[in-house]
Amino acid sequence: MVIASIDMKDGHVVQLKNGKDLVLQRDDADSLINDFNKYGEVAIIDLDQALRNTDAKGNTPNTELLKSLLRKGNVRVGGGIRDVKKAKELISLGAEKVIVGSAAWNADRKAESDPILNVAFLEELVAAIGKQRVIISVDAINGKIALRGWTETANISLIEGAKEAENYASELLFTCVEKEGCMEGTDMDMCRQLRDAVKCRVVAAGGVNSLEQIAELEKLGCDVQLGMALYTGTVSLKDSFMACLDWEKTNGMIPVIAQSVNGEVLMMGFSNKEAIAKTFDTGKLTFFSRTRNVLWTKGETSGHFLEVVKMRVDCDRDTILATVIPHGGACHTGSFTCFGAEPDERSSMERLYATISERFANPRPGSYTATLNDKRVREKVEEEAEEICEAEGKDEVIWEAADLLYFVSVLMYKEGVTWQDVYNELDRRHKK
């Protein structure tokens, strides 16, 4: 599949030729990640960190922007990650994986008997965050591993280095530096050699310039990280997404599972290329009716459409998981899900929060929620906290916990805090 890249330098989103010459610059990182994440994972690269353009605290002009993006998608982050503490911090802030470059290698290797990798660092890194969260860059210039922001090479061949590196990583990121930003196509022979040499996931970057090459790399078993071709409009993420699907295996019909943002499976249908294209164009989940032989957008008659947040493909490229926001019941019977008889969404903290939000936005006559001002809701939180501490037995604890969570949710709403914000903080603490 395709991974969109957001490269940052001096606080801007940039694209560079050969990692040096500025080709384009923009300042819409938030809108970019919101768009890119609909189609797949997003790579965020701090080029200043890679080039050691840092202040005394190790921060760059991109640091705050990078942190703000980490929980806005399925993000992998790279650029100058040289110690385990930094890697752990990025994971705790929301990065799903970290991309390690120069720090992974023995830059001073002279003889063939010298170690290829910085084994002590990689062992500590894997112990701290797990092998599945580690990506090692096997960037190369003329077949040699490139280091320090691609400003020099080590006495390590690409293939030799890759074979060693996969012992400490879930995937390898290969950038053909000579091709980076040149829009001339990547080095397919080198990609084939790399794919044949290792068993782990391989992501190819640098120079990819056409849907045909993306599809060819997919058939090799390589994912693609896109930069220049994406920003210049040479290829689109929509077309790239569809080019990577296994249409032959599925006879032109891909199963699509719709899942709510809270994780509840809503329905399943089938989509052809036209249906998937329409889904991305309209933002509403669209299928192909095999009985009626027509496209149909869920909710086009009932109004109960499914607003698409993101689409993800499974490892075999023959099934899509669509994360959606349902507007009404997903099932034709009126139920919230086709896999149950409940007419409404199951209770959750998000559903409670949404109800509270709606009560304040559109207060109904007699609504208790709408009468709660800042002072009163804080008083109720204190009161309910005391009552749950005094509760005896399971039933009383359940009752008082429900009251407390309700008033805490109201307080959170008034302060502009969502339950996802709380989950993110809990996740950060877990991963510290």
# chains A, B, ... in the order shown; residues from 1 in each chain; ligands from 1
$ residues_around --residues "segment 92-100 of chain A" --least-positions-apart "6" --cutoff "7 Å" --atoms "only C-alpha atoms" --output "PyMOL selection string"
chain A and resi 67+70-71+74-78+81+133-137+427-429+431-432
$ write_last_selection --atoms "N, CA, C and O atoms" --output "PDB file, in the first residue's frame"
ATOM      1  N   LYS A  67       4.618  17.107  17.164  1.00  0.00           N
ATOM      2  CA  LYS A  67       3.861  16.581  18.297  1.00  0.00           C
ATOM      3  C   LYS A  67       2.355  16.740  18.097  1.00  0.00           C
ATOM      4  O   LYS A  67       1.573  15.873  18.481  1.00  0.00           O
ATOM      5  N   LEU A  70       0.870  13.815  15.823  1.00  0.00           N
ATOM      6  CA  LEU A  70       1.096  12.395  16.094  1.00  0.00           C
ATOM      7  C   LEU A  70      -0.163  11.590  16.354  1.00  0.00           C
ATOM      8  O   LEU A  70      -0.190  10.389  16.105  1.00  0.00           O
ATOM      9  N   ARG A  71      -1.200  12.198  16.897  1.00  0.00           N
ATOM     10  CA  ARG A  71      -2.435  11.462  17.179  1.00  0.00           C
ATOM     11  C   ARG A  71      -3.545  11.770  16.173  1.00  0.00           C
ATOM     12  O   ARG A  71      -4.703  11.438  16.396  1.00  0.00           O
ATOM     13  N   ASN A  74      -2.652   7.374  11.660  1.00  0.00           N
ATOM     14  CA  ASN A  74      -1.771   6.228  11.913  1.00  0.00           C
ATOM     15  C   ASN A  74      -0.374   6.640  11.469  1.00  0.00           C
ATOM     16  O   ASN A  74      -0.009   6.502  10.306  1.00  0.00           O
ATOM     17  N   VAL A  75       0.387   7.182  12.419  1.00  0.00           N
ATOM     18  CA  VAL A  75       1.623   7.892  12.096  1.00  0.00           C
ATOM     19  C   VAL A  75       2.864   7.090  12.470  1.00  0.00           C
ATOM     20  O   VAL A  75       2.955   6.500  13.543  1.00  0.00           O
ATOM     21  N   ARG A  76       3.828   7.106  11.563  1.00  0.00           N
ATOM     22  CA  ARG A  76       5.190   6.648  11.815  1.00  0.00           C
ATOM     23  C   ARG A  76       6.069   7.882  11.712  1.00  0.00           C
ATOM     24  O   ARG A  76       5.826   8.750  10.873  1.00  0.00           O
ATOM     25  N   VAL A  77       7.077   7.986  12.559  1.00  0.00           N
ATOM     26  CA  VAL A  77       7.855   9.223  12.606  1.00  0.00           C
ATOM     27  C   VAL A  77       9.343   8.917  12.547  1.00  0.00           C
ATOM     28  O   VAL A  77       9.815   7.913  13.088  1.00  0.00           O
ATOM     29  N   GLY A  78      10.078   9.778  11.846  1.00  0.00           N
ATOM     30  CA  GLY A  78      11.507   9.584  11.703  1.00  0.00           C
ATOM     31  C   GLY A  78      12.250  10.903  11.595  1.00  0.00           C
ATOM     32  O   GLY A  78      11.649  11.973  11.553  1.00  0.00           O
ATOM     33  N   ILE A  81      16.393  10.182  15.124  1.00  0.00           N
ATOM     34  CA  ILE A  81      16.118   9.471  16.379  1.00  0.00           C
ATOM     35  C   ILE A  81      17.389   8.705  16.756  1.00  0.00           C
ATOM     36  O   ILE A  81      17.717   7.688  16.153  1.00  0.00           O
ATOM     37  N   ARG A 133       7.444  -1.994  16.663  1.00  0.00           N
ATOM     38  CA  ARG A 133       7.362  -0.537  16.556  1.00  0.00           C
ATOM     39  C   ARG A 133       8.600   0.072  15.900  1.00  0.00           C
ATOM     40  O   ARG A 133       8.699   1.287  15.783  1.00  0.00           O
ATOM     41  N   VAL A 134       9.545  -0.759  15.491  1.00  0.00           N
ATOM     42  CA  VAL A 134      10.811  -0.254  14.945  1.00  0.00           C
ATOM     43  C   VAL A 134      10.874  -0.435  13.437  1.00  0.00           C
ATOM     44  O   VAL A 134      10.632  -1.525  12.913  1.00  0.00           O
ATOM     45  N   ILE A 135      11.204   0.650  12.740  1.00  0.00           N
ATOM     46  CA  ILE A 135      11.509   0.637  11.309  1.00  0.00           C
ATOM     47  C   ILE A 135      12.952   1.110  11.173  1.00  0.00           C
ATOM     48  O   ILE A 135      13.331   2.118  11.780  1.00  0.00           O
ATOM     49  N   ILE A 136      13.749   0.399  10.411  1.00  0.00           N
ATOM     50  CA  ILE A 136      15.129   0.835  10.174  1.00  0.00           C
ATOM     51  C   ILE A 136      15.270   1.315   8.729  1.00  0.00           C
ATOM     52  O   ILE A 136      14.869   0.626   7.794  1.00  0.00           O
ATOM     53  N   SER A 137      15.840   2.504   8.584  1.00  0.00           N
ATOM     54  CA  SER A 137      16.098   3.052   7.247  1.00  0.00           C
ATOM     55  C   SER A 137      17.318   2.385   6.644  1.00  0.00           C
ATOM     56  O   SER A 137      18.391   2.366   7.255  1.00  0.00           O
ATOM     57  N   ASP A 427      -2.868   6.469  27.333  1.00  0.00           N
ATOM     58  CA  ASP A 427      -1.964   5.758  26.432  1.00  0.00           C
ATOM     59  C   ASP A 427      -0.537   6.266  26.589  1.00  0.00           C
ATOM     60  O   ASP A 427       0.420   5.503  26.626  1.00  0.00           O
ATOM     61  N   ARG A 428      -0.400   7.588  26.711  1.00  0.00           N
ATOM     62  CA  ARG A 428       0.924   8.182  26.887  1.00  0.00           C
ATOM     63  C   ARG A 428       1.574   7.674  28.174  1.00  0.00           C
ATOM     64  O   ARG A 428       2.759   7.322  28.202  1.00  0.00           O
ATOM     65  N   ARG A 429       0.801   7.625  29.249  1.00  0.00           N
ATOM     66  CA  ARG A 429       1.345   7.150  30.524  1.00  0.00           C
ATOM     67  C   ARG A 429       1.730   5.677  30.444  1.00  0.00           C
ATOM     68  O   ARG A 429       2.755   5.263  31.007  1.00  0.00           O
ATOM     69  N   LYS A 431       2.820   4.076  27.894  1.00  0.00           N
ATOM     70  CA  LYS A 431       3.981   3.856  27.038  1.00  0.00           C
ATOM     71  C   LYS A 431       5.233   4.596  27.487  1.00  0.00           C
ATOM     72  O   LYS A 431       6.265   4.514  26.826  1.00  0.00           O
ATOM     73  N   LYS A 432       5.147   5.342  28.586  1.00  0.00           N
ATOM     74  CA  LYS A 432       6.332   6.069  29.077  1.00  0.00           C
ATOM     75  C   LYS A 432       7.432   5.096  29.495  1.00  0.00           C
ATOM     76  O   LYS A 432       7.154   4.028  30.029  1.00  0.00           O
TER      77      LYS A 432
END
$ select_by_dssp --residues "segment 44-222 of chain A" --states "alpha helix (DSSP H)" --output "MDAnalysis selection string"
chainID A and resid 47:50 63:69 84:92 119:129 158:165 188:197 211:220
$ residues_around --residues "Gln132 of chain A" --least-positions-apart "5" --cutoff "12 Å" --atoms "only C-alpha atoms" --output "ChimeraX atom specification"
/A:76,91,96-99,125-127,166-172,200-201
$ residues_around --residues "Ala50 of chain A" --least-positions-apart "3" --cutoff "6 Å" --atoms "only C-alpha atoms" --output "ChimeraX atom specification"
/A:47,79-80,149
$ write_last_selection --atoms "C-alpha atoms" --output "mmCIF file, in the first residue's frame"
data_model
loop_
_atom_site.group_PDB
_atom_site.id
_atom_site.type_symbol
_atom_site.label_atom_id
_atom_site.label_comp_id
_atom_site.auth_asym_id
_atom_site.auth_seq_id
_atom_site.Cartn_x
_atom_site.Cartn_y
_atom_site.Cartn_z
ATOM 1 C CA LEU A 47 14.581 16.806 8.428
ATOM 2 C CA GLY A 79 14.402 11.971 11.455
ATOM 3 C CA GLY A 80 17.359 11.996 13.822
ATOM 4 C CA GLY A 149 20.889 13.131 6.615
#
$ closest_residue --among "A:Met188, A:Ile156, A:Ile116, A:Val235" --to "Glu216 of chain A" --atoms "only C-alpha atoms"
A:Met188
$ select_by_dssp --residues "segment 1-164 of chain A" --states "strand (DSSP E or B)" --output "number ranges by chain"
A: 2-9, 12-17, 21-26, 42-46, 75-78, 97-100, 105, 117, 134-137, 140-141, 144-147, 152-157
$ closest_atom_pairs --of "segment 35-73 of chain A" --to "segment 316-339 of chain A" --cutoff "12 Å" --atoms "only C-alpha atoms" --output "Markdown table"
| residue | atom | partner | partner_atom | distance |
| --- | --- | --- | --- | --- |
| A:Asn37 | CA | A:Thr323 | CA | 11.3 |
| A:Lys38 | CA | A:Thr323 | CA | 9.2 |
| A:Tyr39 | CA | A:Ala322 | CA | 10.1 |
| A:Gly40 | CA | A:Leu321 | CA | 11.1 |
$ atom_distance --atom1 "atom CA of Glu400 of chain A" --atom2 "atom CA of Glu386 of chain A"
9.4 Å
$ atom_distance --atom1 "atom CA of Ser102 of chain A" --atom2 "atom CA of Leu147 of chain A"
5.0 Å
$ atom_distance --atom1 "atom CA of Gln420 of chain A" --atom2 "atom CA of Lys88 of chain A"
20.7 Å
$ residues_around --residues "Met268 of chain A" --least-positions-apart "4" --cutoff "8 Å" --atoms "only C-alpha atoms" --output "PyMOL selection string"
chain A and resi 255-258
$ closest_residue --among "A:Ile145, A:Ile214, A:Ala162, A:Leu173" --to "Leu194 of chain A" --atoms "only C-alpha atoms"
A:Ala162
$ closest_residue --among "A:Leu404, A:Ala361, A:Val294, A:Val198" --to "Glu379 of chain A" --atoms "only C-alpha atoms"
A:Leu404
$ residues_around --residues "Arg26 of chain A" --least-positions-apart "6" --cutoff "7 Å" --atoms "only C-alpha atoms" --output "list in words"
His12, Val13 and Val14 of chain A
$ residues_around --residues "segment 106-110 of chain A" --least-positions-apart "3" --cutoff "10 Å" --atoms "only C-alpha atoms" --output "list in words"
Ser102, Ala103, Ser113, Asp114, Pro115, Ile116, Leu117, Asn118, Val119, Ile145, Ala146, Leu147, Arg148, Glu152, Thr153, Ala154, Asn155 and Ile156 of chain A
$ decode --residues "segment 193-217 of chain A" --atoms "N, CA, C and O atoms" --output "CSV table (one decimal), in the first residue's frame"
chain,number,residue,atom,x,y,z
A,193,GLN,N,16.2,-6.8,-5.5
A,193,GLN,CA,17.2,-7.5,-4.7
A,193,GLN,C,17.0,-7.4,-3.2
A,193,GLN,O,17.1,-8.3,-2.5
A,194,LEU,N,16.5,-6.2,-2.8
A,194,LEU,CA,16.2,-6.0,-1.3
A,194,LEU,C,15.0,-6.9,-0.9
A,194,LEU,O,15.1,-7.6,0.1
A,195,ARG,N,14.0,-7.0,-1.7
A,195,ARG,CA,12.8,-7.8,-1.4
A,195,ARG,C,13.2,-9.2,-1.3
A,195,ARG,O,12.7,-10.0,-0.4
A,196,ASP,N,14.0,-9.7,-2.2
A,196,ASP,CA,14.5,-11.1,-2.2
A,196,ASP,C,15.4,-11.4,-1.0
A,196,ASP,O,15.5,-12.6,-0.6
A,197,ALA,N,16.0,-10.4,-0.5
A,197,ALA,CA,17.0,-10.6,0.6
A,197,ALA,C,16.5,-10.7,2.0
A,197,ALA,O,17.1,-11.3,2.8
A,198,VAL,N,15.3,-10.1,2.2
A,198,VAL,CA,14.7,-10.1,3.5
A,198,VAL,C,13.3,-10.6,3.6
A,198,VAL,O,12.6,-10.7,2.5
A,199,LYS,N,12.8,-11.0,4.8
A,199,LYS,CA,11.5,-11.5,4.9
A,199,LYS,C,10.5,-10.5,5.5
A,199,LYS,O,9.3,-10.6,5.4
A,200,CYS,N,11.0,-9.4,6.1
A,200,CYS,CA,10.2,-8.4,6.8
A,200,CYS,C,9.5,-7.5,5.7
A,200,CYS,O,9.8,-7.6,4.5
A,201,ARG,N,8.6,-6.7,6.2
A,201,ARG,CA,8.0,-5.7,5.3
A,201,ARG,C,9.0,-4.7,4.8
A,201,ARG,O,9.9,-4.3,5.5
A,202,VAL,N,8.9,-4.4,3.5
A,202,VAL,CA,9.8,-3.4,2.8
A,202,VAL,C,9.0,-2.3,2.3
A,202,VAL,O,8.0,-2.5,1.6
A,203,VAL,N,9.4,-1.1,2.6
A,203,VAL,CA,8.8,0.1,2.0
A,203,VAL,C,9.8,0.8,1.1
A,203,VAL,O,10.9,1.1,1.6
A,204,ALA,N,9.4,1.1,-0.1
A,204,ALA,CA,10.3,1.8,-1.1
A,204,ALA,C,9.9,3.2,-1.2
A,204,ALA,O,8.8,3.6,-1.3
A,205,ALA,N,10.9,4.1,-1.2
A,205,ALA,CA,10.7,5.5,-1.4
A,205,ALA,C,11.8,6.1,-2.3
A,205,ALA,O,12.9,5.4,-2.5
A,206,GLY,N,11.6,7.3,-2.8
A,206,GLY,CA,12.6,7.9,-3.6
A,206,GLY,C,12.4,7.7,-5.1
A,206,GLY,O,12.8,6.7,-5.6
A,207,GLY,N,11.7,8.7,-5.7
A,207,GLY,CA,11.6,8.7,-7.2
A,207,GLY,C,10.4,8.1,-7.8
A,207,GLY,O,10.2,8.2,-9.0
A,208,VAL,N,9.6,7.4,-7.0
A,208,VAL,CA,8.4,6.7,-7.6
A,208,VAL,C,7.5,7.8,-8.2
A,208,VAL,O,7.2,8.8,-7.6
A,209,ASN,N,7.2,7.5,-9.5
A,209,ASN,CA,6.5,8.6,-10.2
A,209,ASN,C,5.3,8.2,-11.1
A,209,ASN,O,4.9,9.0,-11.9
A,210,SER,N,4.8,7.0,-10.8
A,210,SER,CA,3.6,6.6,-11.7
A,210,SER,C,2.8,5.5,-10.9
A,210,SER,O,3.4,4.8,-10.1
A,211,LEU,N,1.6,5.4,-11.3
A,211,LEU,CA,0.7,4.3,-10.8
A,211,LEU,C,1.2,3.0,-11.2
A,211,LEU,O,1.2,2.0,-10.5
A,212,GLU,N,1.8,2.9,-12.4
A,212,GLU,CA,2.3,1.6,-12.9
A,212,GLU,C,3.5,1.2,-12.0
A,212,GLU,O,3.5,0.0,-11.7
A,213,GLN,N,4.3,2.1,-11.6
A,213,GLN,CA,5.4,1.6,-10.7
A,213,GLN,C,4.9,1.3,-9.3
A,213,GLN,O,5.4,0.3,-8.7
A,214,ILE,N,3.9,2.0,-8.8
A,214,ILE,CA,3.3,1.6,-7.6
A,214,ILE,C,2.8,0.2,-7.6
A,214,ILE,O,3.0,-0.6,-6.7
A,215,ALA,N,2.0,-0.1,-8.7
A,215,ALA,CA,1.4,-1.4,-8.9
A,215,ALA,C,2.5,-2.5,-9.0
A,215,ALA,O,2.4,-3.6,-8.5
A,216,GLU,N,3.6,-2.1,-9.7
A,216,GLU,CA,4.7,-3.1,-9.9
A,216,GLU,C,5.4,-3.4,-8.6
A,216,GLU,O,5.7,-4.5,-8.3
A,217,LEU,N,5.6,-2.4,-7.8
A,217,LEU,CA,6.2,-2.6,-6.4
A,217,LEU,C,5.3,-3.4,-5.5
A,217,LEU,O,5.7,-4.2,-4.8
